[in-house]
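Note: the block below is my_file09.cif and it holds mmCIF, C-alpha atoms.
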data_protein
loop_
_atom_site.group_PDB
_atom_site.id
_atom_site.type_symbol
_atom_site.label_atom_id
_atom_site.label_comp_id
_atom_site.auth_asym_id
_atom_site.auth_seq_id
_atom_site.Cartn_x
_atom_site.Cartn_y
_atom_site.Cartn_z
ATOM 1 C CA MET A 1 3.263 3.968 14.476
ATOM 2 C CA GLU A 2 -0.185 5.589 14.602
ATOM 3 C CA GLU A 3 0.634 7.074 18.024
ATOM 4 C CA ARG A 4 3.655 8.820 16.558
ATOM 5 C CA PHE A 5 2.320 9.953 13.163
ATOM 6 C CA GLY A 6 -1.454 9.828 13.484
ATOM 7 C CA THR A 7 -3.858 8.151 11.117
ATOM 8 C CA LEU A 8 -3.263 7.736 7.425
ATOM 9 C CA ASP A 9 -5.829 9.945 5.706
ATOM 10 C CA VAL A 10 -4.257 10.373 2.265
ATOM 11 C CA LEU A 11 -2.441 7.770 0.196
ATOM 12 C CA VAL A 12 -0.781 8.835 -3.054
ATOM 13 C CA LEU A 13 0.240 5.879 -5.194
ATOM 14 C CA ASN A 14 2.953 7.041 -7.563
ATOM 15 C CA ALA A 15 5.574 4.794 -9.115
ATOM 16 C CA GLY A 16 8.401 5.531 -11.487
ATOM 17 C CA GLY A 17 8.314 4.505 -15.095
ATOM 18 C CA PRO A 18 9.204 1.012 -16.226
ATOM 19 C CA MET A 19 11.646 0.206 -19.003
ATOM 20 C CA PRO A 20 10.640 1.856 -22.289
ATOM 21 C CA GLY A 21 10.005 -0.424 -25.234
ATOM 22 C CA ARG A 22 7.443 -1.674 -27.697
ATOM 23 C CA ILE A 23 4.955 -4.289 -26.525
ATOM 24 C CA LEU A 24 6.573 -7.386 -28.069
ATOM 25 C CA ASP A 25 10.143 -6.192 -27.519
ATOM 26 C CA LEU A 26 9.880 -6.441 -23.728
ATOM 27 C CA ASP A 27 10.797 -9.834 -22.296
ATOM 28 C CA ASP A 28 9.019 -11.616 -19.447
ATOM 29 C CA ASP A 29 11.415 -10.242 -16.828
ATOM 30 C CA ALA A 30 10.766 -6.657 -17.964
ATOM 31 C CA TRP A 31 7.010 -7.250 -17.860
ATOM 32 C CA GLN A 32 7.243 -8.788 -14.379
ATOM 33 C CA ALA A 33 9.349 -5.922 -13.040
ATOM 34 C CA ALA A 34 6.908 -3.419 -14.516
ATOM 35 C CA PHE A 35 3.928 -5.299 -13.050
ATOM 36 C CA ASP A 36 5.527 -5.338 -9.603
ATOM 37 C CA LEU A 37 6.240 -1.596 -9.842
ATOM 38 C CA LEU A 38 2.960 -0.342 -11.312
ATOM 39 C CA VAL A 39 0.307 -2.789 -10.089
ATOM 40 C CA LYS A 40 1.445 -5.154 -7.343
ATOM 41 C CA GLY A 41 3.177 -2.510 -5.195
ATOM 42 C CA PRO A 42 0.357 0.060 -5.310
ATOM 43 C CA LEU A 43 -2.310 -2.585 -4.664
ATOM 44 C CA SER A 44 -0.343 -3.890 -1.682
ATOM 45 C CA LEU A 45 -0.284 -0.402 -0.177
ATOM 46 C CA ALA A 46 -3.983 0.118 -0.918
ATOM 47 C CA ARG A 47 -4.780 -3.222 0.736
ATOM 48 C CA GLU A 48 -3.051 -2.007 3.901
ATOM 49 C CA ALA A 49 -4.572 1.486 3.955
ATOM 50 C CA LEU A 50 -8.151 1.311 2.679
ATOM 51 C CA PRO A 51 -9.798 -0.853 5.360
ATOM 52 C CA ALA A 52 -8.594 1.456 8.150
ATOM 53 C CA MET A 53 -9.682 4.537 6.199
ATOM 54 C CA ALA A 54 -13.117 2.989 5.696
ATOM 55 C CA GLU A 55 -13.376 2.102 9.376
ATOM 56 C CA ARG A 56 -12.667 5.759 10.320
ATOM 57 C CA GLY A 57 -15.089 7.022 7.649
ATOM 58 C CA PHE A 58 -12.555 9.141 5.790
ATOM 59 C CA GLY A 59 -9.755 8.657 3.307
ATOM 60 C CA ARG A 60 -8.347 9.852 0.033
ATOM 61 C CA VAL A 61 -6.447 7.649 -2.396
ATOM 62 C CA VAL A 62 -4.896 9.222 -5.476
ATOM 63 C CA VAL A 63 -3.235 7.038 -8.093
ATOM 64 C CA VAL A 64 -0.807 8.788 -10.438
ATOM 65 C CA THR A 65 -1.155 7.159 -13.854
ATOM 66 C CA SER A 66 -0.533 8.725 -17.271
ATOM 67 C CA THR A 67 -2.330 10.195 -20.251
ATOM 68 C CA ALA A 68 -0.793 7.288 -22.173
ATOM 69 C CA VAL A 69 -3.636 5.197 -20.712
ATOM 70 C CA ARG A 70 -6.077 7.141 -22.935
ATOM 71 C CA GLN A 71 -3.724 7.892 -25.795
ATOM 72 C CA PRO A 72 -1.199 5.020 -25.917
ATOM 73 C CA GLN A 73 2.426 5.634 -26.813
ATOM 74 C CA PRO A 74 3.937 2.573 -28.546
ATOM 75 C CA ASP A 75 7.434 2.971 -27.080
ATOM 76 C CA LEU A 76 6.050 2.980 -23.529
ATOM 77 C CA ALA A 77 4.126 -0.305 -23.782
ATOM 78 C CA ALA A 78 4.579 -1.576 -20.216
ATOM 79 C CA SER A 79 3.611 1.795 -18.787
ATOM 80 C CA VAL A 80 0.527 2.024 -21.023
ATOM 81 C CA VAL A 81 -0.729 -1.495 -20.349
ATOM 82 C CA LEU A 82 -0.061 -1.624 -16.623
ATOM 83 C CA ARG A 83 -1.131 1.923 -15.786
ATOM 84 C CA ALA A 84 -4.383 1.086 -17.591
ATOM 85 C CA ALA A 85 -4.711 -1.921 -15.276
ATOM 86 C CA MET A 86 -4.107 0.278 -12.231
ATOM 87 C CA THR A 87 -6.637 2.820 -13.507
ATOM 88 C CA ALA A 88 -9.224 0.021 -13.737
ATOM 89 C CA ALA A 89 -8.290 -1.160 -10.237
ATOM 90 C CA ALA A 90 -8.733 2.382 -8.915
ATOM 91 C CA LYS A 91 -12.186 2.554 -10.486
ATOM 92 C CA LEU A 92 -13.176 -0.714 -8.825
ATOM 93 C CA LEU A 93 -11.836 0.453 -5.456
ATOM 94 C CA SER A 94 -13.706 3.752 -5.797
ATOM 95 C CA ARG A 95 -16.975 1.879 -6.149
ATOM 96 C CA GLU A 96 -16.226 -0.536 -3.308
ATOM 97 C CA TYR A 97 -15.332 2.216 -0.819
ATOM 98 C CA ALA A 98 -17.570 5.119 -1.912
ATOM 99 C CA ALA A 99 -20.156 4.645 0.822
ATOM 100 C CA THR A 100 -17.484 4.644 3.548
ATOM 101 C CA GLY A 101 -16.226 8.210 3.053
ATOM 102 C CA VAL A 102 -13.171 7.108 1.091
ATOM 103 C CA THR A 103 -12.542 8.405 -2.421
ATOM 104 C CA VAL A 104 -10.233 6.825 -4.981
ATOM 105 C CA ASN A 105 -9.215 8.844 -8.032
ATOM 106 C CA CYS A 106 -6.435 9.058 -10.590
ATOM 107 C CA VAL A 107 -4.331 11.930 -11.857
ATOM 108 C CA ALA A 108 -3.096 11.364 -15.403
ATOM 109 C CA PRO A 109 -0.153 13.636 -16.177
ATOM 110 C CA GLY A 110 0.953 14.332 -19.709
ATOM 111 C CA PRO A 111 4.454 15.459 -20.582
ATOM 112 C CA THR A 112 6.011 16.822 -17.395
ATOM 113 C CA ALA A 113 9.425 18.426 -16.960
ATOM 114 C CA THR A 114 11.074 15.561 -15.084
ATOM 115 C CA ALA A 115 14.155 13.393 -15.436
ATOM 116 C CA ARG A 116 11.895 10.607 -16.773
ATOM 117 C CA ARG A 117 10.654 12.792 -19.640
ATOM 118 C CA ARG A 118 14.226 13.766 -20.448
ATOM 119 C CA GLU A 119 15.260 10.088 -20.471
ATOM 120 C CA ILE A 120 12.405 9.150 -22.809
ATOM 121 C CA LEU A 121 13.135 12.028 -25.192
ATOM 122 C CA GLN A 122 16.859 11.240 -25.217
ATOM 123 C CA ARG A 123 16.070 7.628 -26.101
ATOM 124 C CA LYS A 124 13.659 8.748 -28.815
ATOM 125 C CA ALA A 125 16.235 11.165 -30.262
ATOM 126 C CA ALA A 126 18.969 8.520 -30.289
ATOM 127 C CA HIS A 127 16.647 6.024 -31.990
ATOM 128 C CA ALA A 128 15.621 8.592 -34.628
ATOM 129 C CA GLY A 129 19.145 9.966 -35.092
ATOM 130 C CA THR A 130 18.109 13.472 -34.065
ATOM 131 C CA SER A 131 18.994 15.771 -31.196
ATOM 132 C CA TYR A 132 17.305 16.012 -27.818
ATOM 133 C CA ASP A 133 16.178 19.555 -28.691
ATOM 134 C CA GLU A 134 14.436 18.289 -31.822
ATOM 135 C CA ALA A 135 12.689 15.518 -29.890
ATOM 136 C CA ASP A 136 11.653 18.015 -27.212
ATOM 137 C CA ALA A 137 10.282 20.464 -29.802
ATOM 138 C CA GLU A 138 8.357 17.685 -31.537
ATOM 139 C CA ASP A 139 6.861 16.566 -28.218
ATOM 140 C CA VAL A 140 5.925 20.099 -27.096
ATOM 141 C CA ALA A 141 4.339 20.815 -30.497
ATOM 142 C CA LEU A 142 1.632 18.299 -29.544
ATOM 143 C CA VAL A 143 0.734 20.232 -26.376
ATOM 144 C CA PRO A 144 -1.716 23.105 -26.947
ATOM 145 C CA ALA A 145 -0.263 24.892 -23.895
ATOM 146 C CA GLY A 146 3.082 24.884 -25.749
ATOM 147 C CA ARG A 147 5.182 23.468 -22.912
ATOM 148 C CA PRO A 148 5.548 20.470 -20.649
ATOM 149 C CA GLY A 149 3.876 20.634 -17.275
ATOM 150 C CA GLU A 150 5.756 21.362 -14.092
ATOM 151 C CA PRO A 151 5.793 18.792 -11.271
ATOM 152 C CA ASP A 152 4.071 21.352 -8.992
ATOM 153 C CA GLU A 153 1.137 21.491 -11.419
ATOM 154 C CA ILE A 154 0.672 17.736 -11.094
ATOM 155 C CA GLY A 155 1.028 18.080 -7.325
ATOM 156 C CA ALA A 156 -1.737 20.695 -7.257
ATOM 157 C CA ALA A 157 -4.127 18.252 -8.945
ATOM 158 C CA VAL A 158 -3.208 15.554 -6.426
ATOM 159 C CA ALA A 159 -3.681 18.028 -3.557
ATOM 160 C CA PHE A 160 -7.137 18.953 -4.842
ATOM 161 C CA LEU A 161 -8.246 15.315 -5.021
ATOM 162 C CA ALA A 162 -6.902 14.787 -1.491
ATOM 163 C CA SER A 163 -8.810 17.793 -0.134
ATOM 164 C CA ASP A 164 -12.213 18.156 1.473
ATOM 165 C CA ALA A 165 -13.262 20.171 -1.597
ATOM 166 C CA ALA A 166 -13.114 16.953 -3.630
ATOM 167 C CA SER A 167 -15.311 14.910 -1.291
ATOM 168 C CA TYR A 168 -17.816 14.153 -4.086
ATOM 169 C CA VAL A 169 -15.180 13.433 -6.738
ATOM 170 C CA ASN A 170 -14.746 9.674 -6.842
ATOM 171 C CA GLY A 171 -13.667 7.167 -9.453
ATOM 172 C CA THR A 172 -12.447 9.747 -11.925
ATOM 173 C CA VAL A 173 -9.288 10.372 -13.903
ATOM 174 C CA LEU A 174 -8.158 13.998 -13.811
ATOM 175 C CA THR A 175 -6.069 14.681 -16.906
ATOM 176 C CA VAL A 176 -3.297 17.261 -16.398
ATOM 177 C CA ASP A 177 -1.599 17.633 -19.765
ATOM 178 C CA GLY A 178 -1.937 21.138 -21.156
ATOM 179 C CA GLY A 179 -4.686 19.938 -23.514
ATOM 180 C CA ARG A 180 -2.612 17.234 -25.245
ATOM 181 C CA THR A 181 -5.024 14.308 -24.890
ATOM 182 C CA GLU A 182 -7.380 14.354 -27.829
ATOM 183 C CA THR A 183 -10.203 12.272 -26.348
ATOM 184 C CA ILE A 184 -13.145 13.822 -24.562
#
Let me see the file written as structure tokens.
Amino acid sequence: MEERFGTLDVLVLNAGGPMPGRILDLDDDAWQAAFDLLVKGPLSLAREALPAMAERGFGRVVVVTSTAVRQPQPDLAASVVLRAAMTAAAKLLSREYAATGVTVNCVAPGPTATARRREILQRKAAHAGTSYDEADAEDVALVPAGRPGEPDEIGAAVAFLASDAASYVNGTVLTVDGGRTETI
């Protein structure tokens, strides 16, 4: 495959969102499915890619997590818990591979105009007995930028971390959320 496509220089680990729900409301099957999606799958790919990157002396790994890792959202328990685990794994990998020319970083998006955000807000509105527009307005009110992010804005952060310009950025979490996360 390397003859056809060349070497793998950049690996972006991005998984969809697991089933929404509060931490004790999710059953073992939901937790297992979420673990497979958010931790086991990405680590399997990293296990395949990182040694070859290190051997060549260059590589970029970007893990897409969530601002919910720093500012947990109760109705997204599996996402919060398991993306936090993947963030910790990324930090460990960044330290293990730093001297080989490979960087490992995370991008933590906040509310982004995607089908997943719409699904979450629709669920929240139905649970609260309000409209989608009300749930959207309530969510956007928490974002100093006054709007959800666009997928291209998240992509630009990933592209930066994958670039030569980010060669000394390693083991970090780049928050892309319009100022929503309140922690420093």
Inset, instruction - Given the file shown, enumerate the residues that the PyMOL selection byres ((chain A and resi 25-40) around 8) captures and present them as a list of chain:residue names. - result: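 Going through the file, the PyMOL selection byres ((chain A and resi 25-40) around 8) ends up selecting A:Ala15, A:Gly16, A:Pro18, A:Met19, A:Gly21, A:Arg22, A:Ile23, A:Leu24, A:Gly41, A:Pro42, A:Leu43, A:Ser44, A:Ala78, A:Ser79, A:Leu82, A:Arg83, A:Ala85, A:Met86.
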Which centre and which edge lengths, in Å to one decimal, describe the axis-aligned box that holds all listed atoms of region 121-139 of chain A after 5 Å is added on each side, as JSON?
{"center_x": 13.0, "center_y": 13.2, "center_z": -30.1, "size_x": 22.3, "size_y": 24.4, "size_z": 19.9}
Legend entry - CA of Lys124 (chain A) to CA of Val63 (chain A), distance in Å rounded to a single decimal: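 These two atoms are separated by 26.8 Å.
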Inset, instruction - Identify which of the residues A:Ser163, A:Thr172, A:Gln71, A:Gln122 lies closest to Ala89 (chain A), counting only C-alpha atoms when measuring atom-to-atom distances. - result: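 That would be A:Thr172, the residue with the smallest distance to Ala89 (chain A).
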Inset, instruction - Write out as number ranges by chain which residues come within 9 Å of Ala157 (chain A) when counting only C-alpha atoms, dropping same-chain ones fewer than 4 positions away. - result: A: 107, 152-153, 161-162, 174-176
Legend entry - Contact residues around Thr183 (chain A) with all atoms listed in the file at 10 Å, ignoring same-chain residues under 2 positions, as number ranges by chain: A: 70-71, 179-181
Inset, instruction - Compute the distance from (-17.0, 2.6, -1.2) to each atom, counting only C-alpha atoms, keep the residues with any atom at most 12 Å away, and return them as a list in words; use the coordinates of the file. - result: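 Taken together, the residues in range are Leu50, Pro51, Met53, Ala54, Glu55, Gly57, Phe58, Gly59, Arg60, Val61, Ala90, Lys91, Leu92, Leu93, Ser94, Arg95, Glu96, Tyr97, Ala98, Ala99, Thr100, Gly101, Val102, Thr103, Val104, Tyr168, Asn170 and Gly171 of chain A.
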Selected residues, C-alpha atoms, written as a PDB file, keeping the file's coordinate frame, please.
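Dumped to again_7.pdb:
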ATOM      1  CA  LEU A  50      -8.151   1.311   2.679  1.00  0.00           C
ATOM      2  CA  PRO A  51      -9.798  -0.853   5.360  1.00  0.00           C
ATOM      3  CA  MET A  53      -9.682   4.537   6.199  1.00  0.00           C
ATOM      4  CA  ALA A  54     -13.117   2.989   5.696  1.00  0.00           C
ATOM      5  CA  GLU A  55     -13.376   2.102   9.376  1.00  0.00           C
ATOM      6  CA  GLY A  57     -15.089   7.022   7.649  1.00  0.00           C
ATOM      7  CA  PHE A  58     -12.555   9.141   5.790  1.00  0.00           C
ATOM      8  CA  GLY A  59      -9.755   8.657   3.307  1.00  0.00           C
ATOM      9  CA  ARG A  60      -8.347   9.852   0.033  1.00  0.00           C
ATOM     10  CA  VAL A  61      -6.447   7.649  -2.396  1.00  0.00           C
ATOM     11  CA  ALA A  90      -8.733   2.382  -8.915  1.00  0.00           C
ATOM     12  CA  LYS A  91     -12.186   2.554 -10.486  1.00  0.00           C
ATOM     13  CA  LEU A  92     -13.176  -0.714  -8.825  1.00  0.00           C
ATOM     14  CA  LEU A  93     -11.836   0.453  -5.456  1.00  0.00           C
ATOM     15  CA  SER A  94     -13.706   3.752  -5.797  1.00  0.00           C
ATOM     16  CA  ARG A  95     -16.975   1.879  -6.149  1.00  0.00           C
ATOM     17  CA  GLU A  96     -16.226  -0.536  -3.308  1.00  0.00           C
ATOM     18  CA  TYR A  97     -15.332   2.216  -0.819  1.00  0.00           C
ATOM     19  CA  ALA A  98     -17.570   5.119  -1.912  1.00  0.00           C
ATOM     20  CA  ALA A  99     -20.156   4.645   0.822  1.00  0.00           C
ATOM     21  CA  THR A 100     -17.484   4.644   3.548  1.00  0.00           C
ATOM     22  CA  GLY A 101     -16.226   8.210   3.053  1.00  0.00           C
ATOM     23  CA  VAL A 102     -13.171   7.108   1.091  1.00  0.00           C
ATOM     24  CA  THR A 103     -12.542   8.405  -2.421  1.00  0.00           C
ATOM     25  CA  VAL A 104     -10.233   6.825  -4.981  1.00  0.00           C
ATOM     26  CA  TYR A 168     -17.816  14.153  -4.086  1.00  0.00           C
ATOM     27  CA  ASN A 170     -14.746   9.674  -6.842  1.00  0.00           C
ATOM     28  CA  GLY A 171     -13.667   7.167  -9.453  1.00  0.00           C
TER      29      GLY A 171
END
Inset, instruction - May I have the residues within 9 Å of Asp133 (chain A) as a PyMOL selection string, using all atoms listed in the file and disregarding those fewer than 5 positions away in the same chain? - result: chain A and resi 121+125+138
Legend entry - Residues within 12 Å of Arg123 (chain A), only C-alpha atoms, excluding chain neighbours under 3 positions, as a ChimeraX atom specification: /A:19-21,75-76,116-120,126-132,135-136
Inset, instruction - Between A:Pro74, A:Arg147, A:Glu134, A:Val62, single out the one closest to Thr87 (chain A), counting all atoms listed in the file. - result: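 Selected residue with least distance to Thr87 (chain A): A:Val62.
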Legend entry - Distance of CA of Gly110 (chain A) from CA of Gly155 (chain A), expressed in Å to one decimal place: 12.9 Å
Legend entry - Answer as an MDAnalysis selection string, residues within 8 Å of (-1.4, 8.2, -21.7) using only C-alpha atoms: chainID A and resid 65:73 80 108:110 181
Inset, instruction - Considering only C-alpha atoms, state which residue in the set A:Val140, A:Val169, A:Cys106, A:Ile154 is at the smallest distance from Ala84 (chain A). - result: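 Distance minimum relative to Ala84 (chain A) lands on A:Cys106.
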Inset, instruction - Calculate how many Å separate CA of Arg47 (chain A) from CA of Leu8 (chain A), rounding to one decimal. - result: 12.9 Å
Inset, instruction - Go through A:Arg4, A:Thr114, A:Ala46, A:Asn105 and flag the residue nearest Val158 (chain A), using all atoms listed in the file for the distances. - result: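 Comparing A:Arg4, A:Thr114, A:Ala46, A:Asn105 against Val158 (chain A), the winner is A:Asn105.
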